[in-house]
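Enquirer: One file: my_file_12.txt (compact mmCIF, C-alpha atoms).
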# COMPACT_ATOMS: atom_id res chain seq x y z
CA MET A 61 20.70 51.20 25.96
CA VAL A 62 18.80 48.39 27.62
CA PRO A 63 20.83 45.19 27.58
CA ALA A 64 19.21 42.20 25.87
CA VAL A 65 17.77 39.55 28.17
CA VAL A 66 19.47 36.24 27.66
CA LEU A 67 17.63 33.03 28.57
CA GLY A 68 19.61 30.09 29.81
CA LEU A 69 18.63 26.41 29.79
CA GLY A 70 15.17 25.87 31.23
CA GLY A 71 14.18 29.49 30.41
CA CYS A 72 16.08 31.03 33.39
CA LEU A 73 18.22 34.16 33.10
CA ALA A 74 21.70 33.21 32.04
CA LYS A 75 24.62 34.83 33.82
CA ASP A 76 26.95 33.77 31.03
CA PRO A 77 25.84 34.62 27.47
CA ALA A 78 27.89 31.64 26.27
CA GLN A 79 25.32 29.38 27.98
CA ALA A 80 22.39 31.02 26.20
CA VAL A 81 20.01 29.13 23.91
CA ASP A 82 18.42 30.94 20.98
CA VAL A 83 14.87 29.62 21.25
CA SER A 84 13.96 31.27 18.00
CA ARG A 85 16.16 28.71 16.22
CA SER A 86 14.95 25.55 18.02
CA PRO A 87 14.37 22.75 15.44
CA THR A 88 10.78 21.98 14.49
CA PRO A 89 9.90 18.28 14.91
CA THR A 90 9.89 16.52 11.54
CA ARG A 91 6.56 14.96 10.60
CA THR A 92 7.07 12.05 8.24
CA ALA A 93 4.63 10.25 6.02
CA GLU A 94 3.38 6.88 7.22
CA PRO A 95 4.13 3.90 4.94
CA ASP A 96 1.46 2.36 2.78
CA ALA A 97 0.15 -1.00 3.96
CA HIS A 98 0.03 -3.97 1.59
CA PHE A 99 -1.25 -7.52 1.77
CA THR A 100 -2.10 -10.29 -0.67
CA ILE A 101 -5.26 -12.39 -0.73
CA VAL A 102 -5.19 -15.71 -2.56
CA ALA A 103 -8.39 -17.61 -3.40
CA GLY A 104 -8.65 -21.15 -4.71
CA GLY A 105 -11.28 -23.19 -6.51
CA ASP A 106 -13.37 -26.14 -5.48
CA VAL A 107 -11.87 -28.69 -3.12
CA LEU A 108 -13.78 -31.65 -4.54
CA PRO A 109 -12.34 -34.92 -3.21
CA HIS A 110 -14.01 -37.63 -5.24
CA MET A 111 -13.31 -41.17 -4.10
CA PRO A 112 -10.38 -41.61 -6.54
CA VAL A 113 -8.79 -38.52 -4.96
CA LEU A 114 -9.15 -40.16 -1.55
CA ALA A 115 -7.56 -43.29 -3.00
CA SER A 116 -4.54 -41.27 -4.14
CA ALA A 117 -4.21 -39.83 -0.64
CA ARG A 118 -4.62 -43.16 1.15
CA THR A 119 -1.77 -44.30 3.37
CA ALA A 120 -1.21 -47.37 5.51
CA ASP A 121 -2.78 -45.67 8.51
CA GLY A 122 -5.06 -42.98 7.12
CA TYR A 123 -4.89 -40.20 4.54
CA ASP A 124 -2.23 -37.71 3.51
CA PHE A 125 -3.17 -35.06 0.94
CA THR A 126 0.07 -33.10 1.22
CA PRO A 127 1.77 -34.86 -1.74
CA LEU A 128 -1.24 -34.05 -3.92
CA LEU A 129 -1.21 -30.36 -3.01
CA ALA A 130 2.54 -29.77 -2.64
CA GLY A 131 3.01 -28.20 -6.07
CA LEU A 132 1.18 -25.10 -4.85
CA ASP A 133 2.90 -24.77 -1.46
CA PRO A 134 4.84 -21.55 -2.21
CA TRP A 135 1.78 -19.83 -3.64
CA VAL A 136 -0.48 -20.65 -0.71
CA SER A 137 2.00 -20.24 2.14
CA GLY A 138 3.23 -16.97 0.64
CA ALA A 139 -0.19 -15.33 0.76
CA ASP A 140 -1.09 -12.98 3.59
CA LEU A 141 -4.61 -14.46 3.56
CA ALA A 142 -5.49 -17.69 1.70
CA LEU A 143 -9.14 -18.69 1.24
CA CYS A 144 -10.41 -21.87 -0.41
CA ASN A 145 -13.81 -23.37 -1.21
CA MET A 146 -14.75 -26.60 0.55
CA GLU A 147 -17.24 -28.16 -1.82
CA VAL A 148 -18.23 -31.16 0.31
CA PRO A 149 -18.97 -31.92 3.97
CA VAL A 150 -16.83 -33.95 6.32
CA THR A 151 -18.43 -37.25 7.24
CA PRO A 152 -20.02 -37.39 10.71
CA ALA A 153 -18.38 -39.71 13.23
CA GLY A 154 -19.10 -43.37 12.58
CA SER A 155 -19.79 -42.98 8.86
CA SER A 156 -17.65 -43.69 5.83
CA PRO A 157 -16.57 -41.29 3.08
CA SER A 158 -18.52 -41.23 -0.16
CA GLY A 159 -18.41 -39.60 -3.59
CA TYR A 160 -20.82 -38.36 -6.22
CA PRO A 161 -23.73 -37.76 -5.97
CA VAL A 162 -23.87 -37.62 -2.15
CA PHE A 163 -20.48 -36.61 -0.83
CA GLY A 164 -18.73 -37.01 2.48
CA THR A 165 -15.00 -36.66 2.97
CA VAL A 166 -12.40 -37.31 5.64
CA PRO A 167 -11.23 -34.66 8.14
CA GLU A 168 -7.63 -35.13 7.00
CA VAL A 169 -8.52 -32.97 3.97
CA VAL A 170 -9.10 -30.04 6.30
CA ARG A 171 -5.96 -30.82 8.28
CA ASP A 172 -3.79 -30.85 5.17
CA LEU A 173 -5.33 -27.70 3.72
CA ARG A 174 -4.34 -25.96 6.92
CA ALA A 175 -0.85 -27.46 6.76
CA GLN A 176 -0.43 -26.08 3.25
CA GLY A 177 -1.22 -22.58 4.46
CA TRP A 178 -4.91 -22.00 3.85
CA ASP A 179 -6.45 -19.74 6.49
CA GLY A 180 -10.11 -20.48 5.85
CA CYS A 181 -12.70 -21.66 3.35
CA SER A 182 -16.21 -20.99 2.19
CA THR A 183 -18.47 -23.96 2.95
CA ALA A 184 -21.72 -22.93 1.22
CA SER A 185 -22.25 -25.24 -1.78
CA ASN A 186 -24.89 -27.38 -3.42
CA HIS A 187 -23.36 -30.35 -1.54
CA ALA A 188 -23.27 -28.65 1.87
CA VAL A 189 -26.12 -30.76 3.29
CA ASP A 190 -25.27 -34.05 1.57
CA ARG A 191 -24.80 -35.48 5.07
CA GLY A 192 -27.50 -33.37 6.73
CA GLN A 193 -26.93 -31.07 9.66
CA ALA A 194 -24.63 -33.69 11.16
CA GLY A 195 -22.33 -33.22 8.17
CA ILE A 196 -22.38 -29.45 8.55
CA ASP A 197 -21.51 -29.85 12.22
CA ALA A 198 -18.70 -32.31 11.48
CA THR A 199 -17.26 -30.02 8.82
CA ILE A 200 -17.15 -26.98 11.08
CA ASP A 201 -15.85 -29.07 13.97
CA ALA A 202 -12.93 -30.10 11.76
CA PHE A 203 -12.28 -26.52 10.70
CA ASP A 204 -12.26 -25.39 14.33
CA THR A 205 -10.01 -28.27 15.35
CA PHE A 206 -7.38 -27.40 12.74
CA GLY A 207 -7.68 -23.63 13.11
CA LEU A 208 -9.28 -22.61 9.82
CA GLY A 209 -11.95 -19.98 9.36
CA HIS A 210 -15.27 -20.98 7.79
CA VAL A 211 -18.36 -19.27 6.46
CA GLY A 212 -21.50 -20.16 4.54
CA THR A 213 -22.81 -22.92 6.82
CA ALA A 214 -23.44 -22.86 10.54
CA ARG A 215 -24.06 -25.08 13.56
CA SER A 216 -26.29 -22.47 15.19
CA GLU A 217 -28.03 -19.20 14.45
CA ALA A 218 -25.39 -17.32 16.47
CA GLU A 219 -22.67 -18.77 14.24
CA ASP A 220 -24.35 -17.54 11.06
CA THR A 221 -22.16 -14.45 10.71
CA PRO A 222 -19.29 -13.39 8.43
CA GLN A 223 -15.91 -14.91 9.13
CA LEU A 224 -13.44 -12.22 10.18
CA TYR A 225 -9.67 -12.19 9.71
CA ARG A 226 -7.36 -9.56 11.21
CA LEU A 227 -4.00 -8.58 9.75
CA ASP A 228 -1.48 -6.17 11.28
CA ARG A 229 0.38 -4.25 8.60
CA ALA A 230 2.42 -1.02 8.72
CA GLY A 231 1.28 -0.24 12.24
CA ARG A 232 -2.41 -0.65 11.42
CA THR A 233 -4.89 -3.49 11.98
CA PHE A 234 -7.11 -4.46 9.06
CA THR A 235 -10.23 -6.61 9.31
CA VAL A 236 -11.33 -8.72 6.35
CA ALA A 237 -14.91 -10.04 6.39
CA HIS A 238 -15.71 -13.15 4.32
CA LEU A 239 -19.29 -14.07 3.32
CA ALA A 240 -20.40 -17.10 1.31
CA VAL A 241 -23.65 -18.17 -0.39
CA THR A 242 -24.90 -20.94 -2.67
CA TYR A 243 -27.69 -21.18 -5.24
CA GLY A 244 -29.18 -24.28 -3.61
CA THR A 245 -28.59 -27.72 -2.10
CA ASN A 246 -29.57 -30.15 -4.88
CA GLY A 247 -33.11 -30.37 -3.58
CA ILE A 248 -32.05 -31.70 -0.18
CA PRO A 249 -34.00 -29.86 2.55
CA VAL A 250 -32.06 -27.49 4.77
CA GLY A 251 -32.81 -28.16 8.42
CA HIS A 252 -32.64 -24.57 9.63
CA PRO A 253 -32.70 -21.20 7.84
CA TRP A 254 -29.26 -20.47 9.25
CA SER A 255 -27.70 -23.83 8.29
CA VAL A 256 -26.75 -22.78 4.75
CA ASN A 257 -26.59 -19.27 3.31
CA LEU A 258 -28.55 -19.14 0.04
CA ILE A 259 -28.21 -16.44 -2.61
CA ASP A 260 -30.24 -13.36 -1.74
CA VAL A 261 -28.48 -10.26 -3.03
CA ASP A 262 -30.35 -7.87 -0.75
CA GLU A 263 -29.40 -10.00 2.25
CA ILE A 264 -25.75 -10.20 1.14
CA VAL A 265 -25.61 -6.40 0.80
CA ALA A 266 -27.24 -5.97 4.21
CA ARG A 267 -24.69 -8.30 5.81
CA ALA A 268 -21.79 -6.63 4.03
CA THR A 269 -23.05 -3.22 5.12
CA GLN A 270 -23.35 -4.39 8.71
CA ALA A 271 -19.88 -5.92 8.59
CA ARG A 272 -18.45 -2.56 7.54
CA ALA A 273 -20.41 -0.81 10.28
CA ASP A 274 -18.88 -3.29 12.73
CA GLY A 275 -15.37 -2.43 11.59
CA ALA A 276 -14.59 -4.54 8.52
CA ASP A 277 -12.19 -2.82 6.13
CA VAL A 278 -12.48 -5.31 3.26
CA VAL A 279 -15.51 -7.47 2.34
CA LEU A 280 -15.22 -10.61 0.18
CA VAL A 281 -18.16 -12.68 -1.03
CA SER A 282 -17.87 -16.27 -2.29
CA VAL A 283 -20.75 -17.15 -4.63
CA HIS A 284 -21.43 -20.82 -5.44
CA CYS A 285 -23.44 -20.68 -8.66
CA CYS A 286 -24.70 -21.34 -11.46
CA THR A 287 -24.29 -23.36 -14.72
CA GLU A 288 -21.72 -26.17 -14.65
CA TYR A 289 -19.07 -26.84 -17.31
CA VAL A 290 -19.60 -23.58 -19.21
CA THR A 291 -16.87 -20.96 -19.53
CA ALA A 292 -19.10 -17.91 -20.02
CA PRO A 293 -20.87 -16.75 -16.84
CA ASP A 294 -24.62 -17.08 -17.10
CA ALA A 295 -27.22 -14.36 -16.55
CA GLN A 296 -27.63 -15.03 -12.83
CA GLN A 297 -23.90 -14.85 -12.19
CA VAL A 298 -23.64 -11.54 -14.01
CA ASP A 299 -26.70 -10.15 -12.23
CA VAL A 300 -25.42 -11.09 -8.77
CA ALA A 301 -21.93 -9.70 -9.40
CA THR A 302 -23.25 -6.49 -10.96
CA ARG A 303 -25.62 -5.80 -8.09
CA LEU A 304 -22.90 -6.46 -5.52
CA ALA A 305 -20.58 -4.08 -7.37
CA ASP A 306 -23.32 -1.46 -7.51
CA SER A 307 -23.84 -1.74 -3.74
CA GLY A 308 -20.46 -0.13 -3.09
CA VAL A 309 -19.85 -2.31 -0.01
CA VAL A 310 -18.19 -5.38 -1.56
CA ASP A 311 -14.50 -5.39 -2.56
CA LEU A 312 -14.22 -8.78 -4.27
CA VAL A 313 -16.49 -11.59 -5.52
CA VAL A 314 -15.09 -15.10 -5.95
CA GLY A 315 -17.15 -17.62 -7.87
CA HIS A 316 -17.35 -21.41 -7.63
CA HIS A 317 -19.40 -24.38 -8.88
CA ALA A 318 -18.89 -24.20 -12.67
CA HIS A 319 -15.88 -26.55 -12.29
CA VAL A 320 -14.17 -24.79 -15.20
CA PRO A 321 -12.23 -21.50 -15.29
CA GLN A 322 -14.33 -18.44 -16.09
CA PRO A 323 -13.56 -14.74 -16.74
CA ILE A 324 -11.95 -12.41 -14.21
CA GLU A 325 -13.21 -8.85 -14.65
CA LEU A 326 -13.19 -5.42 -13.05
CA LEU A 327 -16.78 -4.17 -12.81
CA PRO A 328 -17.86 -0.54 -12.33
CA GLY A 329 -18.88 0.37 -8.78
CA GLY A 330 -17.27 -1.08 -5.70
CA PRO A 331 -16.22 0.85 -2.59
CA GLY A 332 -15.59 4.49 -3.41
CA GLY A 333 -16.56 3.86 -7.03
CA ARG A 334 -13.10 2.42 -7.77
CA GLY A 335 -14.41 -0.80 -9.27
CA MET A 336 -14.96 -4.32 -7.96
CA TRP A 337 -13.09 -7.40 -9.19
CA VAL A 338 -15.06 -10.57 -9.82
CA ALA A 339 -13.69 -14.01 -10.63
CA TYR A 340 -16.85 -15.63 -11.96
CA GLY A 341 -15.57 -19.17 -11.49
CA LEU A 342 -12.15 -20.43 -10.47
CA GLY A 343 -12.69 -24.08 -11.43
CA ASN A 344 -11.51 -27.10 -9.42
CA TYR A 345 -8.55 -26.83 -7.07
CA VAL A 346 -8.38 -30.61 -6.69
CA SER A 347 -10.83 -33.17 -8.09
CA ASN A 348 -11.14 -36.27 -10.27
CA GLN A 349 -12.64 -34.38 -13.19
CA ASP A 350 -11.18 -34.05 -16.68
CA SER A 351 -12.20 -35.01 -20.20
CA ALA A 352 -12.70 -38.65 -19.14
CA CYS A 353 -15.89 -37.72 -17.29
CA CYS A 354 -16.76 -34.18 -18.16
CA VAL A 355 -15.40 -31.38 -20.31
CA ALA A 356 -11.63 -31.04 -20.66
CA ALA A 357 -11.48 -27.70 -18.85
CA THR A 358 -12.55 -29.32 -15.56
CA ALA A 359 -8.95 -30.51 -15.16
CA SER A 360 -7.70 -26.92 -14.80
CA SER A 361 -8.41 -23.88 -12.69
CA GLN A 362 -7.24 -20.48 -11.51
CA LEU A 363 -5.60 -19.44 -8.28
CA LEU A 364 -6.72 -15.85 -7.80
CA VAL A 365 -4.04 -13.48 -6.46
CA VAL A 366 -5.19 -9.98 -5.48
CA GLN A 367 -3.20 -7.12 -4.00
CA VAL A 368 -4.73 -4.92 -1.31
CA THR A 369 -3.21 -1.51 -0.58
CA ALA A 370 -4.02 1.12 2.05
CA THR A 371 -2.27 4.47 1.74
CA GLY A 372 -0.54 5.87 4.81
CA ALA A 373 -1.19 9.31 6.27
CA ASP A 374 1.05 12.19 5.17
CA PRO A 375 0.93 15.05 7.71
CA ARG A 376 3.05 17.24 5.46
CA ALA A 377 0.39 17.07 2.75
CA GLY A 378 -2.48 17.14 5.21
CA THR A 379 -3.78 13.73 4.10
CA GLU A 380 -5.15 10.98 6.34
CA ALA A 381 -4.59 7.23 6.04
CA GLY A 382 -6.72 5.71 3.30
CA PRO A 383 -8.90 2.61 3.48
CA PRO A 384 -7.61 -0.64 1.98
CA ARG A 385 -8.60 -1.26 -1.62
CA VAL A 386 -8.11 -4.17 -4.03
CA THR A 387 -5.62 -2.56 -6.39
CA SER A 388 -4.86 -5.43 -8.78
CA ALA A 389 -5.90 -8.95 -9.66
CA ALA A 390 -3.84 -11.71 -11.22
CA TYR A 391 -4.23 -15.47 -11.49
CA LEU A 392 -2.09 -18.56 -11.64
CA PRO A 393 -3.24 -21.25 -14.11
CA LEU A 394 -3.45 -24.63 -12.37
CA THR A 395 -4.15 -28.19 -13.36
CA VAL A 396 -4.69 -31.59 -11.74
CA ASP A 397 -2.87 -34.62 -13.12
CA ARG A 398 -5.65 -37.14 -12.58
CA ARG A 399 -3.76 -40.09 -14.05
CA GLY A 400 -0.63 -39.12 -12.12
CA GLY A 401 -2.13 -39.44 -8.65
CA HIS A 402 -4.20 -36.22 -8.60
CA ARG A 403 -1.19 -33.96 -8.22
CA VAL A 404 -1.93 -30.24 -8.47
CA HIS A 405 0.49 -28.23 -10.62
CA ALA A 406 1.05 -24.61 -11.57
CA LEU A 407 0.90 -24.84 -15.36
CA PRO A 408 3.55 -22.18 -16.10
CA GLU A 409 5.99 -24.16 -13.94
CA ILE A 410 5.68 -27.47 -15.87
CA SER A 411 6.04 -26.36 -19.49
CA ASP A 412 8.09 -29.49 -20.25
CA GLY A 413 5.41 -31.74 -18.76
CA ALA A 414 5.08 -33.50 -15.40
CA GLY A 415 3.82 -36.85 -14.19
CA GLN A 416 1.38 -38.15 -16.78
CA LEU A 417 1.06 -34.76 -18.49
CA SER A 418 3.01 -34.19 -21.70
CA ALA A 419 4.35 -30.78 -22.71
CA SER A 420 1.68 -30.66 -25.41
CA GLU A 421 -1.11 -31.33 -22.91
CA VAL A 422 0.29 -28.71 -20.55
CA ALA A 423 0.29 -26.13 -23.35
CA THR A 424 -3.30 -26.99 -24.26
CA ARG A 425 -4.48 -26.67 -20.68
CA LEU A 426 -2.62 -23.40 -20.20
CA GLY A 427 -4.33 -21.98 -23.26
CA GLN A 428 -7.73 -23.05 -21.94
CA VAL A 429 -7.19 -21.25 -18.63
CA THR A 430 -5.78 -18.03 -20.05
CA GLY A 431 -8.44 -17.92 -22.74
CA ALA A 432 -11.18 -18.31 -20.15
CA ALA A 433 -9.76 -15.68 -17.79
CA GLY A 434 -9.84 -12.95 -20.41
CA PRO A 435 -7.65 -9.88 -20.89
CA GLN A 436 -8.32 -7.83 -17.77
CA ALA A 437 -6.40 -9.93 -15.24
CA THR A 438 -2.76 -10.87 -15.73
CA VAL A 439 -0.99 -14.16 -15.09
CA ALA A 440 0.82 -14.11 -11.75
CA ALA A 441 4.56 -14.43 -12.36
CA THR A 442 5.99 -15.28 -8.94
CA PRO A 443 4.59 -16.59 -5.65
CA PRO A 444 3.61 -13.88 -3.15
CA THR A 445 5.69 -13.17 -0.08
CA PRO A 446 4.07 -12.51 3.31
CA THR A 447 4.14 -8.84 4.28
CA GLY A 448 3.68 -9.49 7.98
CA ASP A 449 2.52 -11.96 10.59
CA PRO A 450 -0.13 -14.58 9.73
CA PRO A 451 -3.74 -13.43 9.99
CA VAL A 452 -5.75 -13.93 13.14
CA VAL A 453 -8.79 -16.12 12.50
CA VAL A 454 -11.45 -14.50 14.65
CA ARG A 455 -13.43 -17.17 16.45
CA ARG A 456 -17.14 -16.62 16.85
CA PRO A 457 -18.54 -16.48 20.39
Take the structure in the file and give it back as structure tokens.

Expert:
Amino acid sequence: MVPAVVLGLGGCLAKDPAQAVDVSRSPTPTRTAEPDAHFTIVAGGDVLPHMPVLASARTADGYDFTPLLAGLDPWVSGADLALCNMEVPVTPAGSSPSGYPVFGTVPEVVRDLRAQGWDGCSTASNHAVDRGQAGIDATIDAFDTFGLGHVGTARSEAEDTPQLYRLDRAGRTFTVAHLAVTYGTNGIPVGHPWSVNLIDVDEIVARATQARADGADVVLVSVHCCTEYVTAPDAQQVDVATRLADSGVVDLVVGHHAHVPQPIELLPGGPGGRGMWVAYGLGNYVSNQDSACCVAATASSQLLVVQVTATGADPRAGTEAGPPRVTSAAYLPLTVDRRGGHRVHALPEISDGAGQLSASEVATRLGQVTGAAGPQATVAATPPTPTGDPPVVVRRP
């Protein structure tokens, strides 16, 4: 008989069979599934600081908006990415703030939005050029100074690009592209074609498509339009949202300008045909509007809370990592206590009343918001919790 050959460590012949290694029984490396990645995007309504709002924020040596906004701190700071809508421009140096109909606000608004946890804002609105190009420049200067992203207006043609945010989650880097457009500028001429992005659905789709080609994983579009003080979205709003959903390159549409809460719906289409959420109008985040000047619903709004999920790769099943998708949408009903110093409150958290708001008034306002939102989106129950480090606001060249 021919004796069996015994291999020792390193594949050499072993003199002692006790030192042998049975290579046929060497363990196979275990390939584990990668975890899914999750992050939350929060979007807020119009930041509309009328002069009485500025008066409530006035201090002995300037302005402090943090007491007005503090009721929403956990909801904003807990988001992985928080995006607001800056309705009005910052006043250029040497000029004073002003209210309706030609607005200009103080840079401390931007500072305190950042302090609350907002990462960026859309700046395209019908009031964007109330202070001309100088106001656009002053607004973006303030955003850059305090570290917020911005999109919808620009200081130069090179700056007229989507705002990008990068988030590292579950070992992957995700890029969110934010675009913003408005229906017009109240008849005030726009100095340059790149100063303010106006609604052109074909152009929005082209920009969203290019953003994806450049590496964006998620594309959001803020649309400032159309009929004020009406809960039902008008024909133009529906047309814009439907066409963006049909394009397959937009993940989420967030609406502004109506100043009242409007429906939140999942439309057919979207990336991969999985649907596209649209919040037709979030209402006012902070303003001086309520039934004293306008319709009662202007006192309340929605904070949109969407979940984004990207599946991890599973080598055992032969599947690759999936792209991020908006997997759910919820909202938090909000209100502003105008008579109580323009404090912003989460309505479900003040059922017994707060400030100058009685329990009965709170219940009425809560019903207005939930009735406007409709049945497809749910009310957010608890503030989000960050799932990783804060997003990187990508500065333009």

Enquirer: Do you know which residues are at most 10 Å from Asp133 of chain A counting only C-alpha atoms, after dropping those on the same chain fewer than 6 positions away, and could you put them as a PyMOL selection string?

Expert: chain A and resi 126+175-178+443

Enquirer: List the neighbours of Asn257 of chain A out to 9 Å using only C-alpha atoms; skip same-chain residues closer than 6 positions along the sequence, and give me the result as a count of residues only.

Expert: 13

Enquirer: Sorted by chain and rising residue number, list the residues of segment 273-379 of chain A at most 9 Å from segment 144-151 of chain A (counting all atoms listed in the file), each with its closest atom pair and distance in Å to one decimal, as a tab-separated table.

Expert:
residue	atom	partner	partner_atom	distance
A:Ser282	CA	A:Asn145	CA	8.2
A:His316	CA	A:Asn145	CA	7.6
A:His317	CA	A:Glu147	CA	8.3
A:Tyr345	CA	A:Cys144	CA	8.5

Enquirer: With only C-alpha atoms as the atoms that count, which of A:Gly180, A:Pro435, A:Gly138, A:Pro249 lies nearest to Gln223 of chain A?

Expert: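 Distance minimum relative to Gln223 of chain A lands on A:Gly180.
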
Enquirer: Please measure the separation of atom CA of Leu141 of chain A and atom CA of Ile101 of chain A, giving the value in Å to one decimal.

Expert: 4.8 Å

Enquirer: Rank nothing, just name the residue among A:Leu143, A:Ala194, A:Val283, A:Leu312 nearest to Val300 of chain A, using all atoms listed in the file.

Expert: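 Selected residue with least distance to Val300 of chain A: A:Val283.
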
Enquirer: Can you work out which one of A:Val310, A:Cys286, A:Leu327, A:Leu227 has the shortest atom-to-atom distance to Ala266 of chain A, counting all atoms listed in the file?

Expert: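 Checking each of A:Val310, A:Cys286, A:Leu327, A:Leu227 against Ala266 of chain A, counting all atoms listed in the file, the winner is A:Val310.
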
Enquirer: Please return, as a VMD selection string, all polymer residues that have at least one atom within 7 Å of the point (-19.5, 2.1, -4.7); use only C-alpha atoms and the file's own coordinate frame.

Expert: chain A and resid 305 to 309 329 to 333
